[in-house]
Every structure is written in C-alpha cells, then in structure tokens.
file final.txt (compact mmCIF, C-alpha atoms and all ligand atoms)
# COMPACT_ATOMS: atom_id res chain seq x y z
CA MET R 220 -60.30 50.42 6.95
CA LYS R 221 -63.41 50.06 9.03
CA TYR R 222 -64.36 52.82 11.44
CA ASP R 223 -66.78 52.54 14.35
CA LEU R 224 -66.86 55.83 16.24
CA HIS R 225 -69.49 55.15 18.93
CA SER R 226 -69.25 52.38 21.53
CA HIS R 227 -69.61 51.73 25.26
CA SER R 228 -67.71 49.74 27.87
CA HIS R 229 -68.55 48.83 31.47
CA PHE R 230 -67.09 52.19 32.50
CA SER R 231 -70.61 53.42 31.64
CA ASP R 232 -73.55 51.22 30.58
CA GLY R 233 -71.73 48.79 28.26
CA ALA R 234 -71.44 45.12 29.15
CA LEU R 235 -67.81 44.51 28.15
CA ASN R 236 -64.60 45.70 29.71
CA PRO R 237 -62.21 47.54 27.33
CA GLN R 238 -60.17 44.38 26.74
CA GLN R 239 -63.24 42.40 25.70
CA LEU R 240 -64.44 45.36 23.62
CA PHE R 241 -61.25 45.52 21.57
CA ALA R 242 -61.16 41.73 21.18
CA GLU R 243 -64.64 42.04 19.70
CA ALA R 244 -63.50 44.93 17.46
CA LYS R 245 -60.74 42.70 16.09
CA ARG R 246 -63.25 39.88 15.51
CA GLN R 247 -65.50 42.27 13.57
CA ALA R 248 -62.57 43.60 11.50
CA VAL R 249 -62.95 47.12 12.92
CA THR R 250 -59.66 48.99 12.36
CA HIS R 251 -60.54 52.25 14.17
CA LEU R 252 -62.73 52.19 17.28
CA ALA R 253 -63.84 55.14 19.40
CA LEU R 254 -64.77 54.37 23.01
CA THR R 255 -67.48 56.92 23.84
CA ASP R 256 -68.75 56.14 27.32
CA HIS R 257 -71.51 58.30 28.81
CA ASP R 258 -70.04 61.30 30.63
CA THR R 259 -66.75 59.59 31.48
CA VAL R 260 -63.26 59.12 30.07
CA GLY R 261 -62.50 56.55 32.78
CA GLY R 262 -62.09 53.63 30.37
CA LEU R 263 -59.64 55.22 27.95
CA VAL R 264 -56.39 54.16 29.66
CA GLN R 265 -57.41 50.48 29.66
CA ALA R 266 -58.79 50.95 26.14
CA GLN R 267 -55.39 52.12 24.87
CA ALA R 268 -53.68 49.04 26.31
CA ALA R 269 -56.34 46.81 24.73
CA ALA R 270 -56.10 48.64 21.39
CA ASP R 271 -52.33 48.04 21.36
CA GLU R 272 -52.82 44.38 22.23
CA PHE R 273 -55.31 43.74 19.43
CA ASP R 274 -53.74 46.10 16.90
CA VAL R 275 -56.83 48.26 16.56
CA THR R 276 -56.57 52.08 16.52
CA LEU R 277 -58.29 53.71 19.51
CA ILE R 278 -59.98 57.07 19.00
CA ASN R 279 -60.38 58.70 22.41
CA GLY R 280 -64.02 59.65 22.81
CA ILE R 281 -66.91 60.49 25.11
CA GLU R 282 -70.70 60.78 24.82
CA LEU R 283 -71.93 63.82 26.71
CA SER R 284 -75.51 64.27 27.89
CA CYS R 285 -76.90 67.69 27.17
CA THR R 286 -80.23 69.50 27.24
CA TRP R 287 -81.64 71.42 24.29
CA GLU R 288 -85.17 72.83 24.42
CA LYS R 289 -85.98 70.58 27.40
CA GLN R 290 -84.91 67.53 25.39
CA LEU R 291 -82.05 65.13 26.14
CA ILE R 292 -79.49 65.28 23.31
CA HIS R 293 -76.28 63.25 23.09
CA VAL R 294 -73.12 64.83 21.72
CA VAL R 295 -70.14 62.62 20.96
CA GLY R 296 -66.65 64.08 21.33
CA LEU R 297 -64.02 62.39 19.15
CA ASN R 298 -60.24 62.54 19.13
CA ILE R 299 -60.23 64.32 22.48
CA ASP R 300 -57.38 64.75 24.92
CA PRO R 301 -58.91 63.16 28.04
CA LYS R 302 -56.44 65.03 30.25
CA ASN R 303 -57.70 68.47 29.20
CA LYS R 304 -58.68 70.46 32.28
CA LEU R 305 -61.86 72.09 30.94
CA LEU R 306 -63.13 68.74 29.67
CA GLN R 307 -62.32 67.09 32.99
CA GLU R 308 -64.22 69.79 34.87
CA GLY R 309 -67.23 69.30 32.61
CA VAL R 310 -67.07 65.54 33.02
CA GLN R 311 -66.88 65.96 36.78
CA ALA R 312 -69.94 68.22 36.71
CA ASN R 313 -71.93 65.62 34.76
CA LYS R 314 -70.78 62.85 37.12
CA THR R 315 -72.00 64.91 40.04
CA ARG R 316 -75.34 65.35 38.28
CA ARG R 317 -75.52 61.57 37.78
CA LEU R 318 -74.72 60.83 41.43
CA THR R 319 -77.31 63.34 42.63
CA ARG R 320 -79.86 61.89 40.21
CA ALA R 321 -79.08 58.34 41.40
CA GLU R 322 -79.87 59.36 44.99
CA SER R 323 -83.14 60.99 43.87
CA MET R 324 -84.00 57.86 41.87
CA HIS R 325 -83.45 55.69 44.96
CA GLU R 326 -85.71 57.99 46.97
CA ASP R 327 -88.39 57.90 44.28
CA PHE R 328 -88.24 54.09 44.06
CA GLU R 329 -88.51 53.92 47.86
CA GLN R 330 -91.70 55.97 47.67
CA HIS R 331 -93.01 53.09 45.56
CA GLY R 332 -91.77 50.48 48.04
CA ILE R 333 -88.81 49.45 45.92
CA ASP R 334 -85.34 49.32 47.46
CA LEU R 335 -82.57 49.03 44.86
CA ARG R 336 -79.61 50.27 46.90
CA GLU R 337 -77.83 46.95 47.44
CA ALA R 338 -78.65 45.61 43.97
CA LEU R 339 -77.32 48.78 42.35
CA LYS R 340 -74.02 48.46 44.19
CA ARG R 341 -73.61 44.97 42.71
CA VAL R 342 -74.48 46.18 39.22
CA VAL R 343 -72.31 49.31 39.13
CA ILE R 344 -68.79 47.95 38.89
CA ASN R 345 -65.50 49.65 38.21
CA ARG R 346 -66.72 52.91 39.73
CA ALA R 347 -68.77 53.41 36.56
CA VAL R 348 -71.02 56.46 36.42
CA PRO R 349 -74.53 55.31 37.40
CA THR R 350 -76.82 55.23 34.35
CA ARG R 351 -80.46 54.29 33.96
CA PRO R 352 -79.48 50.91 32.45
CA HIS R 353 -77.72 50.12 35.74
CA PHE R 354 -81.02 50.76 37.54
CA ALA R 355 -82.77 48.64 34.89
CA LYS R 356 -80.41 45.76 35.69
CA ALA R 357 -81.05 46.18 39.40
CA LEU R 358 -84.81 46.09 38.72
CA ILE R 359 -84.38 42.88 36.70
CA GLU R 360 -82.20 41.34 39.41
CA GLN R 361 -84.88 42.10 42.00
CA GLY R 362 -87.64 40.64 39.84
CA TYR R 363 -89.42 43.91 39.00
CA ALA R 364 -88.87 43.50 35.26
CA LYS R 365 -88.03 40.58 33.00
CA ASP R 366 -85.71 42.45 30.66
CA LEU R 367 -84.27 45.85 29.76
CA LYS R 368 -87.17 46.71 27.51
CA GLN R 369 -89.75 46.05 30.20
CA ALA R 370 -87.68 47.93 32.80
CA PHE R 371 -87.67 50.99 30.52
CA LYS R 372 -91.39 50.65 29.97
CA ARG R 373 -92.60 50.26 33.54
CA TYR R 374 -89.92 52.34 35.24
CA LEU R 375 -87.26 55.00 34.60
CA VAL R 376 -89.19 57.00 32.01
CA LYS R 377 -91.47 60.00 32.30
CA GLY R 378 -94.51 59.31 34.48
CA LYS R 379 -93.07 56.08 35.90
CA PRO R 380 -91.27 55.25 39.18
CA GLY R 381 -87.60 56.18 39.15
CA TYR R 382 -87.94 58.97 36.61
CA ILE R 383 -86.11 62.14 37.58
CA PRO R 384 -86.21 65.07 35.14
CA MET R 385 -82.72 66.31 34.38
CA GLU R 386 -81.13 69.59 33.41
CA TRP R 387 -77.92 68.67 31.60
CA PRO R 388 -75.45 71.26 30.27
CA SER R 389 -76.19 73.20 27.09
CA LEU R 390 -74.93 72.55 23.56
CA THR R 391 -72.64 75.57 24.01
CA GLU R 392 -71.06 74.11 27.14
CA VAL R 393 -70.45 70.58 25.87
CA SER R 394 -69.10 71.94 22.60
CA ALA R 395 -66.65 74.16 24.51
CA TRP R 396 -65.40 71.20 26.58
CA ILE R 397 -64.85 68.99 23.54
CA ARG R 398 -63.15 71.69 21.50
CA ALA R 399 -60.92 72.70 24.42
CA ALA R 400 -59.77 69.07 24.46
CA GLY R 401 -58.86 69.31 20.76
CA GLY R 402 -61.76 67.11 19.72
CA VAL R 403 -64.53 67.33 17.20
CA ALA R 404 -68.12 67.40 18.46
CA VAL R 405 -70.71 65.24 16.70
CA LEU R 406 -74.48 64.96 17.08
CA ALA R 407 -75.17 61.35 18.14
CA HIS R 408 -77.94 59.23 16.56
CA PRO R 409 -79.98 62.13 15.08
CA MET R 410 -83.06 59.98 14.42
CA ARG R 411 -83.37 58.87 18.04
CA TYR R 412 -84.87 62.18 19.16
CA LYS R 413 -87.91 61.82 16.90
CA LEU R 414 -87.77 65.48 15.86
CA THR R 415 -89.65 66.86 12.88
CA ARG R 416 -87.36 67.75 9.98
CA THR R 417 -87.87 71.45 10.75
CA LYS R 418 -86.86 71.01 14.36
CA LEU R 419 -83.89 68.80 13.42
CA ILE R 420 -82.68 71.55 11.08
CA ARG R 421 -83.07 74.09 13.89
CA LEU R 422 -81.03 71.86 16.21
CA ILE R 423 -78.32 71.43 13.58
CA THR R 424 -78.19 75.15 12.85
CA GLU R 425 -77.81 75.96 16.55
CA MET R 426 -75.21 73.23 16.92
CA ARG R 427 -73.15 74.55 14.05
CA ASP R 428 -73.32 78.06 15.51
CA VAL R 429 -71.67 76.77 18.70
CA GLY R 430 -69.03 74.66 16.94
CA ILE R 431 -70.59 71.20 16.87
CA LEU R 432 -69.48 70.41 13.35
CA GLY R 433 -70.21 66.72 12.91
CA ILE R 434 -73.24 64.47 12.60
CA GLU R 435 -73.67 60.69 12.74
CA VAL R 436 -74.99 59.86 9.29
CA SER R 437 -74.72 56.11 9.62
CA THR R 438 -75.77 54.40 12.86
CA SER R 439 -77.12 50.98 13.69
CA VAL R 440 -80.69 52.26 13.63
CA THR R 441 -80.71 54.36 10.45
CA ASP R 442 -82.20 52.81 7.33
CA ALA R 443 -81.16 53.72 3.76
CA GLN R 444 -83.75 56.46 3.45
CA GLN R 445 -82.72 58.09 6.74
CA ARG R 446 -79.04 57.87 5.77
CA ALA R 447 -79.84 59.64 2.51
CA MET R 448 -81.72 62.35 4.40
CA LEU R 449 -78.88 62.81 6.91
CA ALA R 450 -76.31 62.82 4.10
CA ASP R 451 -78.29 65.64 2.44
CA ILE R 452 -78.27 67.59 5.69
CA ALA R 453 -74.52 67.01 6.17
CA ASP R 454 -73.96 68.27 2.61
CA GLN R 455 -76.23 71.25 2.93
CA PHE R 456 -74.77 72.40 6.25
CA GLY R 457 -71.16 71.48 5.50
CA LEU R 458 -70.98 69.04 8.40
CA LEU R 459 -68.44 66.27 8.91
CA ALA R 460 -69.98 62.81 8.69
CA SER R 461 -69.53 60.15 11.35
CA ILE R 462 -70.39 56.48 11.65
CA GLY R 463 -71.06 54.47 14.80
CA SER R 464 -72.84 51.35 15.98
CA ASP R 465 -73.54 52.59 19.55
CA PHE R 466 -72.50 49.10 20.64
CA HIS R 467 -73.37 48.31 24.28
CA SER R 468 -73.51 44.52 24.57
CA LEU R 469 -73.39 41.26 22.64
CA GLU R 470 -76.82 40.52 24.04
CA GLY R 471 -80.23 42.08 23.64
CA HIS R 472 -81.20 44.41 20.84
CA TRP R 473 -77.87 46.20 20.60
CA ALA R 474 -76.08 46.35 17.25
CA ARG R 475 -72.82 44.56 16.59
CA LEU R 476 -69.58 46.54 16.56
CA GLY R 477 -68.76 47.73 13.06
CA SER R 478 -72.26 47.00 11.82
CA ALA R 479 -73.26 50.50 10.69
CA GLU R 480 -73.35 50.85 6.89
CA PRO R 481 -70.42 52.69 5.24
CA LEU R 482 -70.77 56.45 4.77
CA PRO R 483 -71.85 57.75 1.37
CA SER R 484 -68.58 58.46 -0.46
CA HIS R 485 -69.35 62.09 -1.34
CA LEU R 486 -69.37 63.16 2.33
CA THR R 487 -66.34 64.37 4.28
CA PRO R 488 -65.69 61.81 7.02
CA VAL R 489 -64.98 63.18 10.45
CA TRP R 490 -61.58 61.45 10.49
CA GLU R 491 -60.29 63.18 7.37
CA GLN R 492 -58.54 65.87 9.42
CA TRP R 493 -56.87 63.41 11.86
P1 LIG R 501 -78.92 57.81 31.16
O1 LIG R 501 -77.89 58.54 30.34
O2 LIG R 501 -78.38 57.33 32.45
O3 LIG R 501 -80.21 58.57 31.31
O4 LIG R 501 -79.27 56.48 30.36
C1 LIG R 501 -79.45 56.56 28.99
C2 LIG R 501 -79.12 55.21 28.39
O5 LIG R 501 -80.18 54.33 28.66
C3 LIG R 501 -79.01 55.22 26.87
O6 LIG R 501 -77.72 55.52 26.44
C4 LIG R 501 -79.37 53.81 26.51
O7 LIG R 501 -78.21 53.01 26.59
C5 LIG R 501 -80.32 53.40 27.62
N1 LIG R 501 -81.73 53.40 27.24
C6 LIG R 501 -82.56 54.47 27.12
N2 LIG R 501 -83.80 54.07 26.79
C7 LIG R 501 -83.77 52.73 26.69
C8 LIG R 501 -84.73 51.71 26.36
N3 LIG R 501 -85.99 52.01 26.08
N4 LIG R 501 -84.31 50.43 26.34
C9 LIG R 501 -83.03 50.12 26.63
N5 LIG R 501 -82.09 51.01 26.94
C10 LIG R 501 -82.44 52.30 26.97
MN MN R 502 -76.11 53.92 26.75
MN MN R 503 -76.72 58.01 23.06
MN MN R 504 -74.15 55.74 23.00
call {"tool": "encode", "arguments": {"input": "final.txt", "output": "structure tokens"}}
result
Amino acid sequence: MKYDLHSHSHFSDGALNPQQLFAEAKRQAVTHLALTDHDTVGGLVQAQAAADEFDVTLINGIELSCTWEKQLIHVVGLNIDPKNKLLQEGVQANKTRRLTRAESMHEDFEQHGIDLREALKRVVINRAVPTRPHFAKALIEQGYAKDLKQAFKRYLVKGKPGYIPMEWPSLTEVSAWIRAAGGVAVLAHPMRYKLTRTKLIRLITEMRDVGILGIEVSTSVTDAQQRAMLADIADQFGLLASIGSDFHSLEGHWARLGSAEPLPSHLTPVWEQW
C-alpha cells in the first residue's frame, strides 16, 4: 500500500486533469490517492471515474485556505463527503473570495500597466478557481516572467504588483466544514510557514482545540530531521499522521506523486479509522 494524501489537478492549480493524475498515480505505484484541490471539490467526480479506471483508491479531499494570526495556513480535509451542505457553503464562500481577489489583482496589475485579463481566461480552464499560479502563467505567457519562480519573485507576493492581502476563514470555520462533511482535518506542510517551534506548537494547540486532529508528517519538502521533529509533535499531541507529495505538475520543482517518505511506524496514520 502506498498512500499519497495531497495532490492537485487542473480544477485548481495542478497541470493534469484527473484522468492524467490517476494514470500517473498508477505509474508511481500509488494505491490510495487524495485529490486535494485548493478551495474546490470540482474535480472529485472525474477523479472517481479515473480512480476506477486505473484501479487506484480515491480519497475525496480538499485543501482549504485559512488565516491564523494574519498568516496564510492550509488545512487539508480528507475522506470528506463533497455533497455536504455546510462544506459546500464554505467552499462557495472561498470561491467568492478568490473571484473578488482576482478582480482586485487585475486592477492592481493595470495600475502597473499590465493587462492580464485575456491571458488569464486562456490559462484558467475547466472553470477552475483562479489561483496565483494561474496569474503566474499569464505573466509568463505575456513575457513578464520567464518561469514560475521568477513570477513569484517579481509579482504576486507582498510588496509586488498583483499582491492582494487576504482574509481567509479561521481555523474554527474550516475545521467545522470538514468535520460536518465527515472528514478529518489535517495541517498541510507544517514547515512551509517558517514558524518558530514555539509558534508551531501554539498553532497545533489551537488547531487541536478546534478539532483539526491531523498533521502532515511526511511531505515532499521535509527532510529526515524535520520528519523526526514532526513525528515527535504528532506523538506528544496525539495527532493523526498524514503523508502527501503536494503534487502539482510533472514539470518544474514539484515533487513526484508518491514521493514522500513513508511515515514512521510508531505513529497512527490518518487512514487507520477509514
Ligand atoms: P493562492 O492559493 O491562489 O494564493 O496560491 C497559492 C499557490 O501558489 C500555492 O498552493 C502554490 O501552488 C503556489 N505558490 C506559492 N508560492 C509559490 C512560489 N514561490 N513558487 C511557485 N508556486 C508558488
Ligand atoms: Mn497550489
Ligand atoms: Mn498548500
Ligand atoms: Mn497543496
């Protein structure tokens, strides 16, 4: 069994459609794959058909954007019922935030003499929710950046054109949506936020208090030392351990599907209760 519980399709900022994603899962010998697109469950119906075709088990998932102490935090919901009403309302609210932000981003780019409206329409396919990587692609297409990395250096981030500060829902809200949908909520890529250990512990304590009971211990960007540290935290706080590559694309710096190191065996994997 090989689990990968964090991946993206072109329903958000991934490059592959669900069919291509599950073909790749099969190629990488992944037996259980969660599709966790940003703030949308739009790809899950196609994902189920693809999972059946390639004989891979789909775990219905989502990656929700949320704000904690002015910081952007990602919470993954796993084993969710995508039809749940409270979850759908939450997802709709985040989509609305994304659409409003996209308009503000266009206006900000225009202030800098950059018009990305037509290019963005070409880049955002499948009625995907507009993400910053879509804008990055539009910038590349229009010759403003040579690659994703440069686009995220010159634009889209704090202090640069196209950056719009966001107020996403709270940990309490996203946890409620995921749990209402029967899912388990998991802190995504804990090292990505560059928190001090003290602040990370504070985040985890607050998360646990609101029912976010899992943590990604093994990701594509955690080294052995970080995995050991996260395993200790999972142990100490009685958290369920998750594993995910955060796959987006076969190109660029993104990790391969199924490439995250196996979880330390003494931890309770998030799938144990499924
Ligand atoms: P959004 O949720 O629309 O603000 O976009 C966040 C997404 O942008 C993340 O999930 C990453 O896929 C991508 N991203 C953020 N920073 C970078 C970066 N420096 N280089 C490439 N992709 C990035
Ligand atoms: Mn992404
Ligand atoms: Mn993320
Ligand atoms: Mn992700």
call {"tool": "closest_atom_pairs", "arguments": {"input": "final.txt", "of": "chain R", "to": "ligand LIG 501 (chain R)", "cutoff": "9 Å", "atoms": "only C-alpha atoms and all ligand atoms", "output": "JSON lines"}}
result
{"residue": "R:His227", "atom": "CA", "partner": "R:LIG501", "partner_atom": "O7", "distance": 8.8}
{"residue": "R:Ser231", "atom": "CA", "partner": "R:LIG501", "partner_atom": "O2", "distance": 8.7}
{"residue": "R:Asp232", "atom": "CA", "partner": "R:LIG501", "partner_atom": "O7", "distance": 6.4}
{"residue": "R:Gly233", "atom": "CA", "partner": "R:LIG501", "partner_atom": "O7", "distance": 7.9}
{"residue": "R:His257", "atom": "CA", "partner": "R:LIG501", "partner_atom": "O1", "distance": 6.6}
{"residue": "R:Asp258", "atom": "CA", "partner": "R:LIG501", "partner_atom": "O1", "distance": 8.3}
{"residue": "R:Glu282", "atom": "CA", "partner": "R:LIG501", "partner_atom": "O6", "distance": 8.9}
{"residue": "R:Leu283", "atom": "CA", "partner": "R:LIG501", "partner_atom": "O1", "distance": 8.8}
{"residue": "R:Ser284", "atom": "CA", "partner": "R:LIG501", "partner_atom": "O1", "distance": 6.7}
{"residue": "R:Leu291", "atom": "CA", "partner": "R:LIG501", "partner_atom": "O3", "distance": 8.6}
{"residue": "R:His293", "atom": "CA", "partner": "R:LIG501", "partner_atom": "O6", "distance": 8.5}
{"residue": "R:Arg317", "atom": "CA", "partner": "R:LIG501", "partner_atom": "O2", "distance": 7.4}
{"residue": "R:Val348", "atom": "CA", "partner": "R:LIG501", "partner_atom": "O2", "distance": 8.4}
{"residue": "R:Pro349", "atom": "CA", "partner": "R:LIG501", "partner_atom": "O2", "distance": 6.6}
{"residue": "R:Thr350", "atom": "CA", "partner": "R:LIG501", "partner_atom": "O2", "distance": 3.2}
{"residue": "R:Arg351", "atom": "CA", "partner": "R:LIG501", "partner_atom": "O2", "distance": 4.0}
{"residue": "R:Pro352", "atom": "CA", "partner": "R:LIG501", "partner_atom": "O5", "distance": 5.2}
{"residue": "R:His353", "atom": "CA", "partner": "R:LIG501", "partner_atom": "O2", "distance": 8.0}
{"residue": "R:Phe354", "atom": "CA", "partner": "R:LIG501", "partner_atom": "O2", "distance": 8.7}
{"residue": "R:Ala355", "atom": "CA", "partner": "R:LIG501", "partner_atom": "N5", "distance": 8.3}
{"residue": "R:Leu367", "atom": "CA", "partner": "R:LIG501", "partner_atom": "C9", "distance": 5.4}
{"residue": "R:Lys368", "atom": "CA", "partner": "R:LIG501", "partner_atom": "N4", "distance": 4.8}
{"residue": "R:Gln369", "atom": "CA", "partner": "R:LIG501", "partner_atom": "N4", "distance": 8.0}
{"residue": "R:Ala370", "atom": "CA", "partner": "R:LIG501", "partner_atom": "N4", "distance": 7.7}
{"residue": "R:Phe371", "atom": "CA", "partner": "R:LIG501", "partner_atom": "N3", "distance": 4.9}
{"residue": "R:Lys372", "atom": "CA", "partner": "R:LIG501", "partner_atom": "N3", "distance": 6.8}
{"residue": "R:Leu375", "atom": "CA", "partner": "R:LIG501", "partner_atom": "O3", "distance": 8.6}
{"residue": "R:Val376", "atom": "CA", "partner": "R:LIG501", "partner_atom": "N2", "distance": 8.1}
{"residue": "R:Met385", "atom": "CA", "partner": "R:LIG501", "partner_atom": "O3", "distance": 8.7}
{"residue": "R:Asp465", "atom": "CA", "partner": "R:LIG501", "partner_atom": "O7", "distance": 8.5}
{"residue": "R:His467", "atom": "CA", "partner": "R:LIG501", "partner_atom": "O7", "distance": 7.1}
{"residue": "R:His472", "atom": "CA", "partner": "R:LIG501", "partner_atom": "C9", "distance": 8.3}
{"residue": "R:Trp473", "atom": "CA", "partner": "R:LIG501", "partner_atom": "C9", "distance": 8.9}
call {"tool": "atom_distance", "arguments": {"input": "final.txt", "atom1": "CA of Met410 in chain R", "atom2": "CA of Gln445 in chain R"}}
result
7.9 Å
call {"tool": "axis_aligned_box", "arguments": {"input": "final.txt", "around": "range 329-333 of chain R", "padding_each_side": "3 Å", "output": "lines of an AutoDock Vina configuration file"}}
result
center_x = -90.8
center_y = 52.7
center_z = 46.8
size_x = 10.5
size_y = 12.5
size_z = 8.5
call {"tool": "residues_around", "arguments": {"input": "final.txt", "residues": "Ser478 in chain R", "least_positions_apart": "6", "cutoff": "10 Å", "atoms": "all atoms listed in the file", "output": "PDB file with C-alpha atoms, in the frame of the given file"}}
result
ATOM      1  CA  LYS R 221     -63.410  50.060   9.030  1.00  0.00           C
ATOM      2  CA  TYR R 222     -64.360  52.820  11.440  1.00  0.00           C
ATOM      3  CA  ASP R 223     -66.780  52.540  14.350  1.00  0.00           C
ATOM      4  CA  GLN R 247     -65.500  42.270  13.570  1.00  0.00           C
ATOM      5  CA  VAL R 249     -62.950  47.120  12.920  1.00  0.00           C
ATOM      6  CA  SER R 437     -74.720  56.110   9.620  1.00  0.00           C
ATOM      7  CA  THR R 438     -75.770  54.400  12.860  1.00  0.00           C
ATOM      8  CA  SER R 439     -77.120  50.980  13.690  1.00  0.00           C
ATOM      9  CA  ILE R 462     -70.390  56.480  11.650  1.00  0.00           C
ATOM     10  CA  GLY R 463     -71.060  54.470  14.800  1.00  0.00           C
ATOM     11  CA  SER R 464     -72.840  51.350  15.980  1.00  0.00           C
ATOM     12  CA  ASP R 465     -73.540  52.590  19.550  1.00  0.00           C
ATOM     13  CA  PHE R 466     -72.500  49.100  20.640  1.00  0.00           C
TER      14      PHE R 466
END
call {"tool": "closest_residue", "arguments": {"input": "final.txt", "among": "R:Ala364, R:Leu476, R:Ala312, R:Met220", "to": "Gln239 in chain R", "atoms": "only C-alpha atoms"}}
result
R:Leu476
call {"tool": "closest_residue", "arguments": {"input": "final.txt", "among": "R:Val429, R:Ala404, R:Leu422, R:Ala474", "to": "Thr391 in chain R", "atoms": "all atoms listed in the file"}}
result
R:Val429
call {"tool": "residues_around", "arguments": {"input": "final.txt", "residues": "Gly262 in chain R", "least_positions_apart": "4", "cutoff": "8 Å", "atoms": "all atoms listed in the file", "output": "PyMOL selection string"}}
result
chain R and resi 228+230+237+254+256+266
call {"tool": "residues_around", "arguments": {"input": "final.txt", "residues": "Gln492 in chain R", "least_positions_apart": "3", "cutoff": "10 Å", "atoms": "all atoms listed in the file", "output": "number ranges by chain"}}
result
R: 403, 459, 487-489
call {"tool": "closest_residue", "arguments": {"input": "final.txt", "among": "R:Ala347, R:Leu414, R:Val440, R:Ala395", "to": "Val294 in chain R", "atoms": "only C-alpha atoms"}}
result
R:Ala395
call {"tool": "residues_around", "arguments": {"input": "final.txt", "residues": "Trp287 in chain R", "least_positions_apart": "5", "cutoff": "10 Å", "atoms": "all atoms listed in the file", "output": "list in words"}}
result
Ile292, His293, Glu386, Trp387, Pro388, Ser389, Leu390, Thr391, Leu422, Glu425 and Met426 of chain R
call {"tool": "atom_distance", "arguments": {"input": "final.txt", "atom1": "CA of Asp327 in chain R", "atom2": "CA of Lys379 in chain R"}}
result
9.8 Å
call {"tool": "residues_around", "arguments": {"input": "final.txt", "residues": "Gln267 in chain R", "least_positions_apart": "5", "cutoff": "9 Å", "atoms": "all atoms listed in the file", "output": "PyMOL selection string"}}
result
chain R and resi 237+262+272+276-279
call {"tool": "write_last_selection", "arguments": {"input": "final.txt", "atoms": "C-alpha atoms", "output": "PDB file, keeping the file's coordinate frame"}}
result
ATOM      1  CA  PRO R 237     -62.210  47.540  27.330  1.00  0.00           C
ATOM      2  CA  GLY R 262     -62.090  53.630  30.370  1.00  0.00           C
ATOM      3  CA  GLU R 272     -52.820  44.380  22.230  1.00  0.00           C
ATOM      4  CA  THR R 276     -56.570  52.080  16.520  1.00  0.00           C
ATOM      5  CA  LEU R 277     -58.290  53.710  19.510  1.00  0.00           C
ATOM      6  CA  ILE R 278     -59.980  57.070  19.000  1.00  0.00           C
ATOM      7  CA  ASN R 279     -60.380  58.700  22.410  1.00  0.00           C
TER       8      ASN R 279
END
call {"tool": "closest_residue", "arguments": {"input": "final.txt", "among": "R:Thr319, R:Ser468, R:Thr286, R:Ser394", "to": "ligand MN 504 (chain R)", "atoms": "all atoms listed in the file"}}
result
R:Ser468
call {"tool": "atom_distance", "arguments": {"input": "final.txt", "atom1": "CA of Ile420 in chain R", "atom2": "CA of Ile397 in chain R"}}
result
21.9 Å
call {"tool": "closest_residue", "arguments": {"input": "final.txt", "among": "R:Ala407, R:Glu491, R:Arg373, R:Arg446", "to": "ligand MN 502 (chain R)", "atoms": "all atoms listed in the file"}}
result
R:Ala407
call {"tool": "closest_residue", "arguments": {"input": "final.txt", "among": "R:Tyr412, R:Glu360, R:Leu469, R:His251", "to": "ligand MN 503 (chain R)", "atoms": "only C-alpha atoms and all ligand atoms"}}
result
R:Tyr412
call {"tool": "residues_near_point", "arguments": {"input": "final.txt", "point": "(-77.8, 65.5, 8.1)", "cutoff": "7 Å", "atoms": "all atoms listed in the file", "output": "PDB file with C-alpha atoms, keeping the file's coordinate frame"}}
result
ATOM      1  CA  ILE R 434     -73.240  64.470  12.600  1.00  0.00           C
ATOM      2  CA  VAL R 436     -74.990  59.860   9.290  1.00  0.00           C
ATOM      3  CA  MET R 448     -81.720  62.350   4.400  1.00  0.00           C
ATOM      4  CA  LEU R 449     -78.880  62.810   6.910  1.00  0.00           C
ATOM      5  CA  ALA R 450     -76.310  62.820   4.100  1.00  0.00           C
ATOM      6  CA  ASP R 451     -78.290  65.640   2.440  1.00  0.00           C
ATOM      7  CA  ILE R 452     -78.270  67.590   5.690  1.00  0.00           C
ATOM      8  CA  ALA R 453     -74.520  67.010   6.170  1.00  0.00           C
TER       9      ALA R 453
END
call {"tool": "decode", "arguments": {"input": "final.txt", "residues": "range 311-322 of chain R", "atoms": "N, CA and C atoms", "output": "PDB file, in the first residue's frame"}}
result
ATOM      1  N   GLN R 311     -18.043  27.606  -1.409  1.00  0.00           N
ATOM      2  CA  GLN R 311     -18.583  28.703  -2.201  1.00  0.00           C
ATOM      3  C   GLN R 311     -18.067  30.050  -1.693  1.00  0.00           C
ATOM      4  N   ALA R 312     -17.996  30.189  -0.370  1.00  0.00           N
ATOM      5  CA  ALA R 312     -17.504  31.446   0.206  1.00  0.00           C
ATOM      6  C   ALA R 312     -16.045  31.678  -0.195  1.00  0.00           C
ATOM      7  N   ASN R 313     -15.234  30.624  -0.166  1.00  0.00           N
ATOM      8  CA  ASN R 313     -13.830  30.787  -0.555  1.00  0.00           C
ATOM      9  C   ASN R 313     -13.684  31.068  -2.054  1.00  0.00           C
ATOM     10  N   LYS R 314     -14.564  30.453  -2.865  1.00  0.00           N
ATOM     11  CA  LYS R 314     -14.527  30.731  -4.306  1.00  0.00           C
ATOM     12  C   LYS R 314     -14.842  32.191  -4.559  1.00  0.00           C
ATOM     13  N   THR R 315     -15.851  32.699  -3.838  1.00  0.00           N
ATOM     14  CA  THR R 315     -16.215  34.104  -3.980  1.00  0.00           C
ATOM     15  C   THR R 315     -15.035  34.993  -3.602  1.00  0.00           C
ATOM     16  N   ARG R 316     -14.356  34.637  -2.498  1.00  0.00           N
ATOM     17  CA  ARG R 316     -13.157  35.397  -2.111  1.00  0.00           C
ATOM     18  C   ARG R 316     -12.127  35.382  -3.242  1.00  0.00           C
ATOM     19  N   ARG R 317     -11.933  34.212  -3.851  1.00  0.00           N
ATOM     20  CA  ARG R 317     -10.945  34.092  -4.931  1.00  0.00           C
ATOM     21  C   ARG R 317     -11.338  34.941  -6.142  1.00  0.00           C
ATOM     22  N   LEU R 318     -12.627  34.945  -6.479  1.00  0.00           N
ATOM     23  CA  LEU R 318     -13.061  35.723  -7.644  1.00  0.00           C
ATOM     24  C   LEU R 318     -12.903  37.213  -7.381  1.00  0.00           C
ATOM     25  N   THR R 319     -13.246  37.632  -6.170  1.00  0.00           N
ATOM     26  CA  THR R 319     -13.092  39.042  -5.796  1.00  0.00           C
ATOM     27  C   THR R 319     -11.613  39.421  -5.810  1.00  0.00           C
ATOM     28  N   ARG R 320     -10.775  38.530  -5.254  1.00  0.00           N
ATOM     29  CA  ARG R 320      -9.333  38.799  -5.258  1.00  0.00           C
ATOM     30  C   ARG R 320      -8.798  38.905  -6.686  1.00  0.00           C
ATOM     31  N   ALA R 321      -9.276  38.010  -7.577  1.00  0.00           N
ATOM     32  CA  ALA R 321      -8.790  38.014  -8.958  1.00  0.00           C
ATOM     33  C   ALA R 321      -9.072  39.368  -9.608  1.00  0.00           C
ATOM     34  N   GLU R 322     -10.274  39.904  -9.368  1.00  0.00           N
ATOM     35  CA  GLU R 322     -10.613  41.214  -9.921  1.00  0.00           C
ATOM     36  C   GLU R 322      -9.678  42.293  -9.355  1.00  0.00           C
TER      37      GLU R 322
END
